[in-house]
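Have a look at coords-v1.cif; it's mmCIF, C-alpha atoms:
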data_start
loop_
_atom_site.label_atom_id
_atom_site.label_comp_id
_atom_site.auth_asym_id
_atom_site.auth_seq_id
_atom_site.Cartn_x
_atom_site.Cartn_y
_atom_site.Cartn_z
CA MET A 1464 2.28 -9.67 48.02
CA ASN A 1465 0.92 -6.88 50.17
CA GLY A 1466 -1.77 -4.39 49.23
CA LEU A 1467 0.59 -1.68 48.07
CA ASP A 1468 2.46 -3.97 45.71
CA ARG A 1469 -0.76 -5.38 44.34
CA LYS A 1470 -2.08 -1.89 43.68
CA LEU A 1471 1.11 -1.02 41.82
CA GLU A 1472 0.96 -4.20 39.77
CA LEU A 1473 -2.65 -3.53 38.87
CA SER A 1474 -1.93 0.02 37.81
CA VAL A 1475 0.82 -1.22 35.55
CA ASN A 1476 -1.07 -4.14 34.08
CA ARG A 1477 -4.37 -2.38 33.50
CA ARG A 1478 -3.17 -0.70 30.33
CA VAL A 1479 -2.09 -4.01 28.85
CA ALA A 1480 -5.19 -5.89 29.85
CA THR A 1481 -7.78 -3.57 28.34
CA PRO A 1482 -7.43 -3.08 24.62
CA VAL A 1483 -9.04 0.07 23.29
CA TYR A 1484 -11.48 -0.26 20.41
CA GLY A 1485 -9.79 0.75 17.20
CA SER A 1486 -6.40 0.46 18.77
CA GLY A 1487 -5.37 -2.38 16.53
CA MET A 1488 -5.14 -4.72 19.50
CA GLU A 1489 -8.39 -6.48 18.71
CA SER A 1490 -8.01 -10.08 17.74
CA SER A 1491 -7.89 -10.66 14.03
CA ILE A 1492 -10.99 -11.96 12.34
CA TYR A 1493 -8.78 -14.74 11.09
CA ALA A 1494 -8.03 -16.01 14.56
CA GLY A 1495 -8.89 -19.64 14.89
CA PRO A 1496 -9.21 -21.68 11.72
CA PHE A 1497 -5.57 -21.59 10.66
CA SER A 1498 -3.11 -24.25 11.56
CA SER A 1499 -0.18 -21.95 12.21
CA VAL A 1500 0.78 -18.38 12.79
CA GLN A 1501 2.43 -18.34 9.39
CA ASP A 1502 -0.79 -19.44 7.67
CA ARG A 1503 -2.72 -16.78 9.50
CA ALA A 1504 -0.20 -14.10 8.56
CA ALA A 1505 -0.28 -15.18 4.92
CA ALA A 1506 -4.07 -15.06 4.94
CA GLU A 1507 -4.10 -11.59 6.46
CA LEU A 1508 -1.51 -10.20 4.08
CA GLY A 1509 -3.15 -11.85 1.09
CA ASP A 1510 -6.51 -10.24 1.68
CA MET A 1511 -6.34 -6.47 1.42
CA ASP A 1512 -9.75 -6.04 3.02
CA VAL A 1513 -8.75 -8.03 6.10
CA LEU A 1514 -5.42 -6.25 6.29
CA PHE A 1515 -7.17 -2.91 6.14
CA VAL A 1516 -9.81 -3.72 8.74
CA THR A 1517 -7.36 -5.32 11.16
CA TYR A 1518 -4.44 -2.91 11.05
CA ARG A 1519 -5.66 0.41 9.73
CA ALA A 1520 -6.34 1.96 13.15
CA ARG A 1521 -3.02 0.89 14.55
CA ILE A 1522 -0.89 2.10 11.67
CA TYR A 1523 -2.91 5.30 11.39
CA ARG A 1524 -2.34 6.10 15.06
CA TYR A 1525 1.39 5.55 14.78
CA ALA A 1526 1.57 7.68 11.64
CA LEU A 1527 -0.59 10.39 13.17
CA LEU A 1528 1.50 10.61 16.31
CA SER A 1529 4.69 10.62 14.28
CA LEU A 1530 3.62 13.18 11.69
CA ARG A 1531 0.81 15.05 13.48
CA ASP A 1532 -1.01 15.46 10.19
CA PRO A 1533 -4.28 13.51 9.79
CA GLU A 1534 -4.35 13.66 5.99
CA LEU A 1535 -0.76 12.61 5.68
CA ALA A 1536 -1.27 9.88 8.25
CA GLU A 1537 -4.24 8.51 6.29
CA SER A 1538 -2.31 8.56 3.05
CA LEU A 1539 0.70 6.90 4.63
CA THR A 1540 -1.48 4.24 6.23
CA HIS A 1541 -2.93 3.31 2.84
CA ASP A 1542 0.51 3.28 1.30
CA CYS A 1543 1.86 1.09 4.08
CA LEU A 1544 -0.93 -1.49 3.83
CA LEU A 1545 -0.77 -1.56 0.06
CA ARG A 1546 2.97 -2.09 0.06
CA ALA A 1547 2.67 -4.86 2.62
CA HIS A 1548 -0.01 -6.55 0.53
CA ASN A 1549 2.03 -6.31 -2.65
CA ALA A 1550 5.22 -7.46 -0.95
CA ARG A 1551 3.58 -10.21 1.09
CA ASN A 1552 5.85 -12.84 -0.46
CA GLN A 1553 8.77 -11.12 1.24
CA PHE A 1554 7.26 -11.62 4.70
CA ARG A 1555 9.43 -14.29 6.30
CA GLY A 1556 7.39 -14.75 9.44
CA ASP A 1557 10.23 -13.94 11.81
CA CYS A 1558 8.06 -11.29 13.44
CA SER A 1559 4.35 -10.57 13.70
CA VAL A 1560 2.42 -8.94 10.88
CA ALA A 1561 1.86 -5.91 13.13
CA THR A 1562 5.58 -5.52 13.71
CA TRP A 1563 6.30 -5.91 10.00
CA LEU A 1564 3.69 -3.29 9.14
CA THR A 1565 5.06 -0.93 11.77
CA ARG A 1566 8.50 -1.31 10.28
CA ILE A 1567 7.17 -0.44 6.83
CA ALA A 1568 5.35 2.55 8.31
CA THR A 1569 8.50 3.67 10.10
CA ASN A 1570 10.47 3.57 6.87
CA LEU A 1571 7.76 5.48 5.03
CA ILE A 1572 7.64 8.13 7.74
CA ARG A 1573 11.41 8.47 7.71
CA ASP A 1574 11.52 8.69 3.91
CA HIS A 1575 8.78 11.29 3.90
CA VAL A 1576 10.46 13.43 6.53
CA ARG A 1577 13.74 13.20 4.63
CA SER A 1578 12.19 14.04 1.29
CA LYS A 1579 10.40 17.06 2.66
CA LYS A 1580 13.37 18.14 4.72
CA MET A 1581 11.09 19.64 7.32
CA GLN A 1582 10.22 19.07 10.91
CA PHE A 1583 6.77 17.62 11.18
CA TRP A 1584 6.51 18.26 14.81
CA LYS A 1585 5.91 21.95 14.51
CA ALA A 1586 7.45 24.86 16.38
CA ALA A 1587 7.00 24.75 20.11
CA ALA A 1588 4.45 27.54 20.35
CA GLN A 1589 2.06 26.06 17.81
CA SER A 1590 2.53 22.57 19.15
CA SER A 1591 1.69 23.84 22.57
CA ASP A 1592 -1.68 24.92 21.22
CA ASP A 1593 -2.11 21.53 19.59
CA ALA A 1594 -1.21 19.83 22.82
CA GLY A 1595 -3.87 21.91 24.56
CA GLU A 1596 -6.47 20.70 22.08
CA ILE A 1597 -5.34 17.13 22.52
CA ALA A 1598 -5.55 17.49 26.29
CA ASP A 1599 -9.06 18.89 26.03
CA ARG A 1600 -10.18 15.79 24.17
CA LEU A 1601 -9.29 13.61 27.10
CA ARG A 1602 -12.40 12.59 28.99
CA SER A 1603 -12.03 12.51 32.72
CA PRO A 1604 -15.30 11.59 34.37
CA GLY A 1605 -15.32 11.70 38.13
CA LEU A 1606 -12.52 14.22 38.55
CA THR A 1607 -12.95 17.46 40.40
CA PRO A 1608 -12.49 20.60 38.27
CA GLU A 1609 -9.12 21.18 39.93
CA ALA A 1610 -7.94 17.64 39.29
CA ASP A 1611 -9.22 17.81 35.72
CA LEU A 1612 -7.33 21.04 35.15
CA LEU A 1613 -4.15 19.56 36.62
CA MET A 1614 -4.46 16.47 34.47
CA LYS A 1615 -4.86 18.54 31.31
CA GLU A 1616 -1.86 20.63 32.22
CA GLN A 1617 0.13 17.44 32.66
CA VAL A 1618 -1.01 16.09 29.29
CA LYS A 1619 -0.09 19.34 27.63
CA ALA A 1620 3.36 19.30 29.24
CA LEU A 1621 3.85 15.68 28.23
CA TRP A 1622 3.08 16.39 24.58
CA VAL A 1623 5.45 19.31 24.52
CA THR A 1624 8.10 17.11 26.18
CA VAL A 1625 7.65 14.28 23.70
CA GLU A 1626 7.76 16.79 20.90
CA LYS A 1627 11.18 17.92 22.06
CA LEU A 1628 12.63 14.42 21.96
CA SER A 1629 14.84 13.47 19.05
CA GLY A 1630 13.15 11.67 16.17
CA LYS A 1631 14.44 8.26 17.21
CA GLN A 1632 13.68 8.79 20.89
CA ARG A 1633 10.15 9.84 20.02
CA SER A 1634 9.57 6.88 17.71
CA VAL A 1635 10.87 4.45 20.29
CA PHE A 1636 8.78 6.09 22.99
CA LEU A 1637 5.62 5.88 20.87
CA LEU A 1638 6.29 2.27 19.93
CA ARG A 1639 6.81 1.23 23.55
CA PHE A 1640 4.22 3.23 25.42
CA VAL A 1641 1.47 3.77 22.84
CA GLU A 1642 1.82 0.78 20.54
CA GLU A 1643 3.07 -1.33 23.44
CA LEU A 1644 5.65 -3.26 21.46
CA GLU A 1645 8.27 -5.33 23.24
CA LEU A 1646 11.83 -4.03 23.25
CA SER A 1647 12.92 -6.72 20.80
CA GLU A 1648 10.06 -5.77 18.46
CA ILE A 1649 11.04 -2.12 18.65
CA ALA A 1650 14.61 -3.13 17.83
CA THR A 1651 13.30 -4.94 14.74
CA VAL A 1652 11.11 -2.05 13.70
CA MET A 1653 13.78 0.58 14.20
CA ASN A 1654 16.61 -1.60 12.92
CA MET A 1655 18.70 -1.02 16.03
CA ASN A 1656 19.86 -3.24 18.85
CA VAL A 1657 17.95 -3.63 22.09
CA GLY A 1658 20.57 -1.73 24.06
CA THR A 1659 20.11 1.32 21.88
CA VAL A 1660 16.35 1.04 22.23
CA LYS A 1661 16.67 0.98 26.01
CA SER A 1662 18.99 3.95 25.94
CA HIS A 1663 16.46 5.99 23.96
CA LEU A 1664 13.67 4.92 26.27
CA HIS A 1665 15.57 5.90 29.40
CA ARG A 1666 16.18 9.37 28.00
CA ALA A 1667 12.54 9.71 27.08
CA LEU A 1668 11.43 8.57 30.53
CA THR A 1669 13.78 11.02 32.19
CA ALA A 1670 12.12 13.77 30.18
CA VAL A 1671 8.67 12.50 31.13
CA ARG A 1672 9.62 12.40 34.79
CA SER A 1673 10.85 15.97 34.58
CA ALA A 1674 7.64 17.13 32.89
CA MET A 1675 5.52 15.49 35.52
CA GLU A 1676 7.53 17.03 38.37
CA LYS A 1677 7.10 20.49 36.88
CA THR A 1678 3.35 20.22 36.83
CA ARG A 1679 3.01 18.64 40.26
CA MET B 54 19.79 -2.42 58.17
CA LYS B 55 21.15 -0.44 55.26
CA TRP B 56 18.35 1.11 53.19
CA THR B 57 19.15 1.82 49.55
CA HIS B 58 16.57 3.42 47.29
CA LEU B 59 16.15 2.38 43.71
CA SER B 60 18.26 4.39 41.33
CA THR B 61 16.64 6.47 38.66
CA TRP B 62 17.80 3.90 36.12
CA ASP B 63 16.19 1.09 38.13
CA GLN B 64 12.94 3.00 38.44
CA GLU B 65 12.90 3.56 34.68
CA GLU B 66 13.76 -0.08 34.11
CA TYR B 67 10.74 -0.98 36.19
CA VAL B 68 8.51 1.25 34.08
CA LEU B 69 9.97 -0.32 30.96
CA GLY B 70 8.97 -3.73 32.26
CA GLN B 71 12.49 -4.92 33.07
CA ARG B 72 11.67 -5.90 36.64
CA THR B 73 13.59 -7.91 39.13
CA PRO B 74 12.19 -9.45 42.33
CA GLU B 75 14.34 -7.03 44.33
CA MET B 76 12.73 -4.04 42.63
CA VAL B 77 9.25 -5.36 43.30
CA ARG B 78 10.13 -6.10 46.92
CA HIS B 79 11.64 -2.67 47.45
CA LEU B 80 8.72 -0.83 45.88
CA ALA B 81 6.37 -2.72 48.12
CA GLN B 82 8.18 -1.33 51.15
CA CYS B 83 9.44 2.10 50.04
CA SER B 84 6.76 4.73 49.54
CA SER B 85 9.28 7.25 48.20
CA CYS B 86 10.45 5.05 45.33
CA PHE B 87 6.89 3.88 44.77
CA ALA B 88 5.74 7.49 44.34
CA GLU B 89 8.52 8.15 41.83
CA VAL B 90 7.63 5.12 39.77
CA ALA B 91 3.91 5.79 40.01
CA GLN B 92 4.41 9.33 38.77
CA MET B 93 6.31 8.15 35.70
CA GLU B 94 3.70 5.54 35.00
CA GLN B 95 0.97 8.10 35.37
CA GLY B 96 2.72 10.36 32.86
CA VAL B 97 3.10 7.54 30.38
CA ALA B 98 -0.51 6.47 30.87
CA LEU B 99 -1.81 10.00 30.39
CA PHE B 100 0.16 10.39 27.19
CA ARG B 101 -1.09 7.05 25.88
CA GLU B 102 -4.71 7.81 26.70
CA SER B 103 -4.58 11.24 25.09
CA ALA B 104 -2.82 9.84 22.03
CA THR B 105 -5.33 7.05 21.66
CA ALA B 106 -8.26 9.42 22.11
CA TRP B 107 -6.90 11.87 19.55
CA SER B 108 -6.22 9.11 17.07
CA ALA B 109 -9.67 7.58 17.53
CA ASP B 110 -11.37 10.96 17.10
CA SER B 111 -9.30 11.73 14.05
CA LEU B 112 -9.99 8.34 12.52
CA ALA B 113 -13.69 8.75 13.15
CA THR B 114 -13.74 11.96 11.13
CA HIS B 115 -12.09 10.24 8.19
CA PRO B 116 -14.48 8.19 6.07
CA VAL B 117 -13.29 4.67 5.55
CA ARG B 118 -11.62 4.72 2.18
CA MET B 119 -10.16 1.49 0.92
CA PRO B 120 -6.82 1.68 -0.85
CA ALA B 121 -7.16 1.81 -4.62
CA ALA B 122 -5.93 -1.72 -5.18
CA ALA B 123 -8.37 -3.05 -2.65
CA VAL B 124 -11.47 -1.52 -4.23
CA ARG B 125 -12.78 -4.32 -6.36
CA PRO B 126 -16.57 -3.94 -6.40
CA THR B 127 -16.90 -5.32 -9.91
CA SER B 128 -13.89 -7.50 -9.84
CA MET B 129 -14.19 -10.75 -11.78
CA HIS B 130 -12.64 -14.02 -10.97
CA PRO B 131 -9.66 -14.71 -13.26
CA TRP B 132 -11.52 -17.68 -14.75
CA ALA B 133 -14.34 -15.34 -15.72
CA TRP B 134 -11.90 -13.32 -17.81
CA VAL B 135 -10.65 -16.48 -19.49
CA LEU B 136 -14.20 -17.59 -20.23
CA ALA B 137 -15.07 -14.18 -21.67
CA ALA B 138 -12.04 -14.28 -23.94
CA VAL B 139 -12.91 -17.77 -25.18
CA LEU B 140 -16.51 -16.74 -25.91
CA LEU B 141 -15.30 -13.72 -27.83
CA LEU B 142 -12.99 -15.86 -29.89
CA LEU B 143 -15.78 -18.32 -30.61
CA ALA B 144 -18.06 -15.48 -31.70
CA LEU B 145 -15.45 -14.14 -34.09
CA LEU B 146 -14.45 -17.53 -35.43
CA PRO B 147 -17.10 -17.83 -38.27
CA PHE B 148 -16.13 -14.45 -39.72
CA SER B 149 -12.53 -15.37 -39.60
CA ILE B 150 -13.11 -18.71 -41.34
CA GLU B 151 -15.25 -17.14 -44.09
CA HIS B 152 -12.71 -14.45 -44.76
CA THR B 153 -9.93 -16.99 -44.93
CA HIS B 154 -11.97 -19.11 -47.35
CA LEU B 155 -12.63 -16.18 -49.72
CA VAL B 156 -9.05 -15.13 -49.82
CA THR B 157 -7.91 -18.67 -50.46
CA HIS B 158 -10.42 -19.13 -53.25
CA GLN B 159 -9.38 -15.94 -55.02
CA ALA B 160 -5.76 -16.79 -54.72
CA ALA B 161 -6.44 -20.21 -56.14
CA ARG B 162 -8.29 -18.75 -59.08
CA MET B 163 -5.46 -16.36 -59.82
CA ALA B 164 -2.91 -19.06 -59.63
CA GLU B 165 -4.93 -21.68 -61.57
CA PRO B 166 -3.25 -22.60 -64.95
CA MET B 167 -5.21 -22.14 -68.20
CA SER B 168 -7.05 -25.30 -69.17
CA ASP B 169 -5.98 -27.40 -72.20
CA ASP B 170 -9.23 -26.79 -74.14
CA ALA B 171 -8.86 -23.07 -73.89
CA LEU B 172 -5.30 -23.24 -75.07
CA LEU B 173 -6.21 -25.40 -78.10
CA GLN B 174 -9.04 -23.09 -79.02
CA GLN B 175 -6.76 -20.09 -78.86
CA VAL B 176 -4.19 -21.80 -81.07
CA ASP B 177 -6.88 -22.89 -83.52
CA GLU B 178 -8.16 -19.36 -83.83
CA GLU B 179 -4.75 -17.97 -84.50
CA VAL B 180 -3.99 -20.65 -87.12
CA SER B 181 -7.26 -20.21 -88.94
CA VAL B 182 -6.67 -16.55 -89.61
CA ASP B 183 -5.66 -15.91 -93.30
CA VAL B 184 -3.15 -13.31 -92.57
CA PRO B 185 -1.36 -13.06 -89.27
CA SER B 186 -2.25 -10.02 -87.34
CA SER B 187 1.25 -8.67 -87.74
CA MET B 188 0.89 -8.76 -91.56
CA GLU B 189 -2.54 -7.18 -91.79
CA PRO B 190 -1.33 -3.63 -92.67
CA LEU B 191 0.49 -5.03 -95.72
CA THR B 192 -2.64 -6.67 -97.09
CA HIS B 193 -4.32 -3.30 -97.28
CA LEU B 194 -1.44 -1.86 -99.25
CA VAL B 195 -1.43 -4.77 -101.73
CA SER B 196 -5.16 -4.57 -102.48
CA THR B 197 -5.05 -0.82 -103.15
CA SER B 198 -2.13 -0.97 -105.65
CA ASN B 199 -3.78 -3.85 -107.60
CA HIS B 200 -6.96 -1.89 -107.95
CA THR B 201 -5.02 1.17 -109.28
CA ALA B 202 -3.01 -0.89 -111.75
CA THR B 203 -6.15 -2.54 -113.17
CA ALA B 204 -7.80 0.81 -113.67
CA THR B 205 -4.80 2.23 -115.57
CA THR B 206 -4.64 -0.72 -117.97
CA GLY B 207 -8.35 -0.39 -118.81
CA GLU B 208 -8.05 3.27 -119.65
CA LYS B 209 -5.13 2.58 -122.02
CA ARG B 210 -7.11 -0.13 -123.86
CA ARG B 211 -10.12 2.27 -124.21
CA ALA B 212 -7.93 4.97 -125.64
CA GLN B 213 -6.38 2.64 -128.22
CA ARG B 214 -9.82 1.51 -129.28
CA ASP B 215 -10.98 5.06 -129.71
#

Can I see the file as structure tokens?
Amino acid sequence: MNGLDRKLELSVNRRVATPVYGSGMESSIYAGPFSSVQDRAAAELGDMDVLFVTYRARIYRYALLSLRDPELAESLTHDCLLRAHNARNQFRGDCSVATWLTRIATNLIRDHVRSKKMQFWKAAAQSSDDAGEIADRLRSPGLTPEADLLMKEQVKALWVTVEKLSGKQRSVFLLRFVEELELSEIATVMNMNVGTVKSHLHRALTAVRSAMEKTR
Amino acid sequence: MKWTHLSTWDQEEYVLGQRTPEMVRHLAQCSSCFAEVAQMEQGVALFRESATAWSADSLATHPVRMPAAAVRPTSMHPWAWVLAAVLLLLALLPFSIEHTHLVTHQAARMAEPMSDDALLQQVDEEVSVDVPSSMEPLTHLVSTSNHTATATTGEKRRAQRD
């Protein structure tokens, strides 16, 4: 492996190797004393406090990015965790607790959007402003003012691009590149086959590539 | 040597994590394809970082609020509820027993048959009466007419003597 390849590999793997605090990727406080994954899952789902502490940030982030409404995201997160806790006997253990929770959240988001019959990702103009605010939050120590400005323009363009994706493409994109689920997990969450998941992801990546080229 | 760049699909497959040794080998040698892939990865990484930062900031502004079913600051163990119920029953038991006893006693008194002595005494009283109670009005009539007849006879005898 030469230096260029190693650099590429590192750039790809860095995001996986460094979990962000509050991202939901922290190890569960139940890691260790249980004899099997199933026991650990049952313990997590059976204790609402543990469920809340372990998965709140993750489900909240997914709901927030899907709905772009903090209050609604908070409410949906509570609803999701409560439903999972109450329906814990239905958890068969054929996927992780995180995947199961994400599936519940996805269904809740879909039901909410359907019931309201409105587009949560707002009109392009307003979303562009939101995207600007989101870009401004990004900390970029060590960058020159020009590079910082370029980066924020790219972030803004990316948010507008993701906003323009179809609902399913956006969900799949978020699940893969923010929640970092495997393709098979996304297929489980979205109740679609892996081929369809890949198709959505390719379209989303094409849009991302286009957005990045425009701001280059 | 024929040089074939990675297709757009292959580049996206690489970003999706569906990598083959040929892709890795080609990217190690082709700066053009490497730049394409790196740009996509940079876009994805920027989006993820901004999303994570926004979510973390938003979450930080929301006070931690446990779901309603999970808030159990004064929750009691199920056995504690059972114990409390048993104690309550035990506390109410004496009242219940006393009440039951009173009711039973009254019912028994109501249903108790008249004793033999009382019956005999009642019969004795009724037998010892000169005139039955149903005949009492007639006795008054008889005594009044006798008194009148006696008086009339005496007056006649006095008049004859005079």

7 Å contacts from chain A to chain B using all atoms listed in the file, as a list in words |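 Here is what falls inside 7 Å: Leu1467, Asp1468, Gly1485, Met1511, Asp1512, Arg1524, Leu1527, Pro1533, His1541, Leu1545, Ile1597, Ala1598, Arg1600, Leu1601, Val1618, Leu1621, Phe1640, Val1641, His1665, Leu1668, Val1671, Arg1672 and Met1675 of chain A.
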
Atomic distance atom CA of A:Tyr1523 - atom CA of A:Ala1536, expressed in Å with one decimal |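 Atom-to-atom, atom CA of A:Tyr1523 to atom CA of A:Ala1536, that is 5.8 Å.
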
Selection result for the PyMOL selection byres ((chain A and resi 1564-1570) around 9) on this file, as a PyMOL selection string = chain A and resi 1518+1521-1522+1525-1526+1529+1539-1540+1542-1544+1546-1547+1559-1563+1571-1575+1634+1638+1649+1651-1654

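A straight line drawn from atom CA of A:Gly1630 to atom CA of A:Glu1596 is 22.4 Å long.
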
Return the padded bounding box of stretch 1555-1570 of chain A as lines of an AutoDock Vina configuration file: axis-aligned, built from all atoms listed in the file, 3 Å added on each side, with centre and edge lengths in Å to one decimal.
center_x = 6.2
center_y = -5.5
center_z = 10.0
size_x = 14.6
size_y = 24.4
size_z = 13.4

To one decimal in Å, tell me the separation between atom CA of A:Val1635 and atom CA of A:Arg1531.
-> 16.1 Å

Surrounding residues of A:Ala1620 excluding itself and chain neighbours under 3 positions, 8 Å, only C-alpha atoms, as an MDAnalysis selection string = chainID A and resid 1594 1616:1617 1623:1624 1674:1675 1678
